[in-house]
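**Student:** Once you've had a glance at the structure underneath, I'll fire off some questions.
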Amino acid sequence: MDLGPSREGDDPQGHHHDHDQGHDHGPDQVHVDGKTIPLHEAVLAKNDRLAERNRGWLRARHIVALNLVSSPGSGKTTLLERTIRDLKEEIPIHVIEGDQETVHDAERIRRTGCPVVQINTGAGCHLEAEMVARGLAHLAPPPRSFVMIENVGNLVCPALFDLGEQAKVAILSVTEGEDKALKYPHLFRAARVMLLNKIDLLPHLRFDVERCLEHARAVNPRLDIFLVSALSGNGMEDWYGWLRRQVRSGESAGLC
Amino acid sequence: MHELSITRNIVAIVSARANGARVTRVTLEIGQLSAVVPDAIRFCFDVVAKGTVLEGAQLDVIEIPGRGRCRNCGREIALGQLIERCDCGSLDLVRLSGEELFIKEMVTV
């Protein structure tokens, strides 16, 4: 297992969970036979540290990075394709594509003319900060651009792994349940924006939009919500407006 | 199955801290609102620990119940789930505990 140690002292910034370290144990006590050694280590401290490093790297370049999260089939890639095409002249967008297997989504994004890197997580069900660091190094996005990180389609795991993004954008489609936000509260609570996609299908479905929004707001009263159809283009202008505001307000905007 | 990745982190952290010593027990603190399933961690642990200083170690999990305080009425209540309504009707709760994901301690020989 070569995941790298997560020793105390590795992190110059420290971590808010590490307050117990350093005064009741030390490397010299580790070899005492049968001894109980208090650790008090946050399990995800290493990912959190790498995410902070990504965030600093992005901030220094005034790059807005968004972490797009949803279930499989919510229309993330279609939404991204349309956003890239419609904003082409205005905002330079780079994409990090996360999928368990295949490069299909990266190929779709590449056809829009946008720089993209595909990360296959294999057995992993989510992207981690270290993968995004590699993706950023590969893409080398220019200052004042956007990086869209399309996470693996999954409503559970991505909520736990900070990637260093400014904001998580949750995408829900009207072909899913109205109560998705209640069923997966971790993710909707972690998100800054919710896009309710595929609204062009509403006439054919029994989907109570108001109820869906009510549930989402119960989980996260601060959510910015946009109703969109990536296919017809309906409502997309409001989403673009939000993106433009992130550019205008620079690095301080949308911090979550 | 983020538990596989989480278990790898646990084994990596404990291995580094054990500094070559054999680890016979690891104790975790997992909050009941943390979206991490202790049974799934146990399932992964034996597999991930194989071939490391943690191989064969016992894994203890202390589950920490969720508690929150209502911002509206100030009452402290048990949180069985992430979104809970206070008796006063408010959903505006500060979570006090239940989201922990810590390695508490280890025993080495």
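In the structure tokens, chains take letters A, B, ... by order of appearance, with residues numbered from 1 within each chain and ligands from 1 in the order shown.
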Excluding A:Cys157 and any residue of its chain fewer than 3 positions from it, enumerate the residues within 10 Å of it, using only C-alpha atoms, and give them as a list in words.

**Tutor:** Val69, Gly124, Cys125, His126, Leu127, Val152, Gly153, Asn154, Leu160, Phe161, His186 and Leu187 of chain A; Met1, His2, Glu3, Ser5, Ala35 and Val36 of chain B

**Student:** May I have a table of the residues of chain B lying at most 7 Å from chain A, giving each one's closest pair of atoms and their distance in Å to one decimal, counting only C-alpha atoms, ordered by chain and ascending residue number, as JSON lines?

**Tutor:**
{"residue": "B:Met1", "atom": "CA", "partner": "A:Cys125", "partner_atom": "CA", "distance": 6.4}
{"residue": "B:His2", "atom": "CA", "partner": "A:Cys157", "partner_atom": "CA", "distance": 5.4}
{"residue": "B:Ile6", "atom": "CA", "partner": "A:Val43", "partner_atom": "CA", "distance": 7.0}
{"residue": "B:Asn9", "atom": "CA", "partner": "A:Val43", "partner_atom": "CA", "distance": 6.2}
{"residue": "B:Ile10", "atom": "CA", "partner": "A:Val43", "partner_atom": "CA", "distance": 5.9}
{"residue": "B:Ala12", "atom": "CA", "partner": "A:Pro5", "partner_atom": "CA", "distance": 5.9}
{"residue": "B:Ile13", "atom": "CA", "partner": "A:Ser6", "partner_atom": "CA", "distance": 5.3}
{"residue": "B:Ala16", "atom": "CA", "partner": "A:Pro5", "partner_atom": "CA", "distance": 5.2}
{"residue": "B:Arg17", "atom": "CA", "partner": "A:Arg7", "partner_atom": "CA", "distance": 6.8}
{"residue": "B:Ala18", "atom": "CA", "partner": "A:Val30", "partner_atom": "CA", "distance": 6.2}
{"residue": "B:Ala21", "atom": "CA", "partner": "A:His31", "partner_atom": "CA", "distance": 6.3}
{"residue": "B:Leu82", "atom": "CA", "partner": "A:Pro185", "partner_atom": "CA", "distance": 6.8}
{"residue": "B:Ile83", "atom": "CA", "partner": "A:Val219", "partner_atom": "CA", "distance": 6.4}
{"residue": "B:Leu101", "atom": "CA", "partner": "A:Val43", "partner_atom": "CA", "distance": 5.9}
{"residue": "B:Phe102", "atom": "CA", "partner": "A:Ala42", "partner_atom": "CA", "distance": 4.5}
{"residue": "B:Ile103", "atom": "CA", "partner": "A:Glu41", "partner_atom": "CA", "distance": 5.2}
{"residue": "B:Lys104", "atom": "CA", "partner": "A:His40", "partner_atom": "CA", "distance": 4.6}
{"residue": "B:Glu105", "atom": "CA", "partner": "A:Pro38", "partner_atom": "CA", "distance": 4.2}
{"residue": "B:Met106", "atom": "CA", "partner": "A:Ile37", "partner_atom": "CA", "distance": 5.3}
{"residue": "B:Val107", "atom": "CA", "partner": "A:Thr36", "partner_atom": "CA", "distance": 4.4}
{"residue": "B:Thr108", "atom": "CA", "partner": "A:Gly34", "partner_atom": "CA", "distance": 5.1}
{"residue": "B:Val109", "atom": "CA", "partner": "A:Gly34", "partner_atom": "CA", "distance": 4.4}

**Student:** Which of these, B:Thr52, B:Ser15, B:Thr24, B:Ser90, has the shortest distance to B:Asn72 once you count only C-alpha atoms?

**Tutor:**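 The closest residue to B:Asn72 is B:Ser90.
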
**Student:** Identify, on the basis of only C-alpha atoms, every residue whose closest approach to B:Ile62 does not exceed 7 Å; exclude the query and any residue fewer than 2 positions from it along the same chain; express the result as a CSV table (one decimal) with N, CA and C atoms, in the first residue's frame.

**Tutor:**
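File selection.csv, as written:
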chain,number,residue,atom,x,y,z
B,28,LEU,N,-11.6,3.3,15.9
B,28,LEU,CA,-12.1,4.5,15.1
B,28,LEU,C,-13.3,5.1,15.8
B,29,GLU,N,-13.5,6.4,15.6
B,29,GLU,CA,-14.7,7.1,16.0
B,29,GLU,C,-15.4,7.5,14.7
B,30,ILE,N,-16.6,7.0,14.6
B,30,ILE,CA,-17.4,7.3,13.4
B,30,ILE,C,-18.7,7.9,13.8
B,60,ASP,N,-12.0,-1.8,16.2
B,60,ASP,CA,-13.1,-1.4,17.0
B,60,ASP,C,-13.6,-0.1,16.5
B,64,ILE,N,-20.6,7.5,17.2
B,64,ILE,CA,-21.0,8.7,17.9
B,64,ILE,C,-22.3,9.2,17.4

**Student:** Which parts of stretch 51-239 of chain A does DSSP call strand (DSSP E or B) when run on the backbone here, written out as a ChimeraX atom specification?

**Tutor:** /A:64-70,93-99,116-120,146-150,167-173,193-197,224-227

**Student:** Skip A:Ala137 itself and residues of its chain fewer than 4 positions away, then list as number ranges by chain all residues within 12 Å of it, counting only C-alpha atoms.

**Tutor:** A: 54, 57-58, 96, 116-117, 130-133, 141-142

**Student:** Could you save those same residues with N, CA and C atoms as a PDB file, in the first residue's frame?

**Tutor:**
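File out23.pdb, as written:
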ATOM      1  N   ASN A  54      -4.767  22.584  -3.747  1.00  0.00           N
ATOM      2  CA  ASN A  54      -5.409  22.887  -5.040  1.00  0.00           C
ATOM      3  C   ASN A  54      -6.096  24.242  -4.985  1.00  0.00           C
ATOM      4  N   TRP A  57      -3.653  27.035  -5.194  1.00  0.00           N
ATOM      5  CA  TRP A  57      -3.107  27.099  -6.553  1.00  0.00           C
ATOM      6  C   TRP A  57      -4.100  27.813  -7.480  1.00  0.00           C
ATOM      7  N   LEU A  58      -5.360  27.433  -7.376  1.00  0.00           N
ATOM      8  CA  LEU A  58      -6.404  28.025  -8.226  1.00  0.00           C
ATOM      9  C   LEU A  58      -6.615  29.497  -7.888  1.00  0.00           C
ATOM     10  N   ILE A  96     -12.103  18.634 -16.279  1.00  0.00           N
ATOM     11  CA  ILE A  96     -11.557  17.381 -15.751  1.00  0.00           C
ATOM     12  C   ILE A  96     -12.726  16.405 -15.665  1.00  0.00           C
ATOM     13  N   VAL A 116      -9.490  19.086 -22.280  1.00  0.00           N
ATOM     14  CA  VAL A 116     -10.104  18.162 -21.318  1.00  0.00           C
ATOM     15  C   VAL A 116      -9.117  17.070 -20.945  1.00  0.00           C
ATOM     16  N   VAL A 117      -9.186  16.638 -19.704  1.00  0.00           N
ATOM     17  CA  VAL A 117      -8.401  15.484 -19.292  1.00  0.00           C
ATOM     18  C   VAL A 117      -9.350  14.486 -18.626  1.00  0.00           C
ATOM     19  N   GLU A 130      -6.026  14.516  -4.925  1.00  0.00           N
ATOM     20  CA  GLU A 130      -4.746  14.194  -5.571  1.00  0.00           C
ATOM     21  C   GLU A 130      -4.956  14.002  -7.090  1.00  0.00           C
ATOM     22  N   MET A 131      -6.090  13.389  -7.472  1.00  0.00           N
ATOM     23  CA  MET A 131      -6.380  13.179  -8.902  1.00  0.00           C
ATOM     24  C   MET A 131      -6.602  14.522  -9.593  1.00  0.00           C
ATOM     25  N   VAL A 132      -7.257  15.432  -8.890  1.00  0.00           N
ATOM     26  CA  VAL A 132      -7.523  16.750  -9.463  1.00  0.00           C
ATOM     27  C   VAL A 132      -6.218  17.526  -9.604  1.00  0.00           C
ATOM     28  N   ALA A 133      -5.302  17.361  -8.641  1.00  0.00           N
ATOM     29  CA  ALA A 133      -3.992  18.017  -8.728  1.00  0.00           C
ATOM     30  C   ALA A 133      -3.268  17.557  -9.990  1.00  0.00           C
ATOM     31  N   PRO A 141      -4.474  25.178 -16.825  1.00  0.00           N
ATOM     32  CA  PRO A 141      -5.430  26.219 -17.229  1.00  0.00           C
ATOM     33  C   PRO A 141      -4.842  27.608 -17.015  1.00  0.00           C
ATOM     34  N   PRO A 142      -5.101  28.537 -17.946  1.00  0.00           N
ATOM     35  CA  PRO A 142      -4.545  29.886 -17.815  1.00  0.00           C
ATOM     36  C   PRO A 142      -5.260  30.676 -16.730  1.00  0.00           C
TER      37      PRO A 142
END

**Student:** Provide the atom CA of A:Gly241 to atom CA of A:His215 distance in Å, to one decimal place.

**Tutor:**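 Computing the Euclidean distance for atom CA of A:Gly241 and atom CA of A:His215 yields 24.2 Å.
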
**Student:** Could you pull out the helix (DSSP H, G or I) residues of chain B, going by DSSP on the backbone, and write them as a list in words?

**Tutor:**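 Matching residues, listed in order: His2, Glu3, Leu4, Ser5, Ile6, Thr7, Arg8, Asn9, Ile10, Val11, Ala12, Ile13, Val14, Ser15, Ala16, Arg17, Ala18, Pro38, Asp39, Ala40, Ile41, Arg42, Phe43, Cys44, Phe45, Asp46, Val47, Val48 and Ala49 of chain B.
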
**Student:** What is the atom CA of A:Pro92-atom CA of A:Glu107 distance in Å, reported with one decimal?

**Tutor:**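 Straight-line distance from atom CA of A:Pro92 to atom CA of A:Glu107 works out to 18.0 Å.
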
**Student:** When you look at B:Asp92 with a cut-off of 8 Å (counting only C-alpha atoms), what residues show up, excluding the ones that are within fewer than 4 positions of it in the same chain? I need them as a PyMOL selection string.

**Tutor:** chain B and resi 70-72+85

**Student:** Residues near A:Arg192, anyone? I mean within 7 Å using only C-alpha atoms, not counting same-chain ones fewer than 6 positions away, as a PDB file with C-alpha atoms, in the first residue's frame.

**Tutor:**
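Full text of out-v3.pdb as output:
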ATOM      1  CA  ALA A 167     -18.282  25.383  -5.107  1.00  0.00           C
ATOM      2  CA  LYS A 168     -20.082  22.119  -5.672  1.00  0.00           C
ATOM      3  CA  VAL A 169     -22.850  22.236  -8.257  1.00  0.00           C
ATOM      4  CA  LEU A 223     -28.856  26.802  -2.352  1.00  0.00           C
ATOM      5  CA  ASP A 224     -28.966  28.847  -5.554  1.00  0.00           C
TER       6      ASP A 224
END

**Student:** Name the closest residue to A:Arg134 among the candidates A:Ile225, A:Val209, A:Ala51, A:Leu202; distances are taken between atoms, counting only C-alpha atoms.

**Tutor:**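 Of A:Ile225, A:Val209, A:Ala51, A:Leu202, the one nearest A:Arg134 is A:Ala51, counting only C-alpha atoms.
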
**Student:** So which residues touch A:Thr83 within 9 Å, counting only C-alpha atoms, skipping near sequence neighbours fewer than 5 positions away, as a list of chain:residue names?

**Tutor:**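 Counting only C-alpha atoms, the residues come to A:Thr78, A:Lys88, A:Ala230, A:Met236, A:Trp239, A:Tyr240.
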
**Student:** Please produce a file of the residues just selected, as a PDB file, in the first residue's frame, where the atoms kept are N, CA and C atoms.

**Tutor:**
ATOM      1  N   THR A  78     -24.032  16.644 -21.118  1.00  0.00           N
ATOM      2  CA  THR A  78     -24.784  17.460 -22.070  1.00  0.00           C
ATOM      3  C   THR A  78     -24.823  18.911 -21.603  1.00  0.00           C
ATOM      4  N   LYS A  88     -18.274  30.043 -25.169  1.00  0.00           N
ATOM      5  CA  LYS A  88     -16.969  29.908 -25.812  1.00  0.00           C
ATOM      6  C   LYS A  88     -16.219  31.233 -25.973  1.00  0.00           C
ATOM      7  N   ALA A 230     -30.715  21.484 -20.685  1.00  0.00           N
ATOM      8  CA  ALA A 230     -29.472  21.562 -21.452  1.00  0.00           C
ATOM      9  C   ALA A 230     -29.749  21.240 -22.917  1.00  0.00           C
ATOM     10  N   MET A 236     -31.023  28.280 -19.335  1.00  0.00           N
ATOM     11  CA  MET A 236     -29.553  28.214 -19.250  1.00  0.00           C
ATOM     12  C   MET A 236     -28.944  29.594 -19.003  1.00  0.00           C
ATOM     13  N   TRP A 239     -28.235  30.294 -15.382  1.00  0.00           N
ATOM     14  CA  TRP A 239     -27.029  29.549 -14.951  1.00  0.00           C
ATOM     15  C   TRP A 239     -25.768  30.278 -15.429  1.00  0.00           C
ATOM     16  N   TYR A 240     -25.804  30.757 -16.679  1.00  0.00           N
ATOM     17  CA  TYR A 240     -24.648  31.496 -17.199  1.00  0.00           C
ATOM     18  C   TYR A 240     -24.446  32.780 -16.387  1.00  0.00           C
TER      19      TYR A 240
END

**Student:** When you draw a straight line from atom CA of B:Gln58 to atom CA of B:Ala40, how long is it in Å?

**Tutor:**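 Those two atoms sit 14.9 Å apart.
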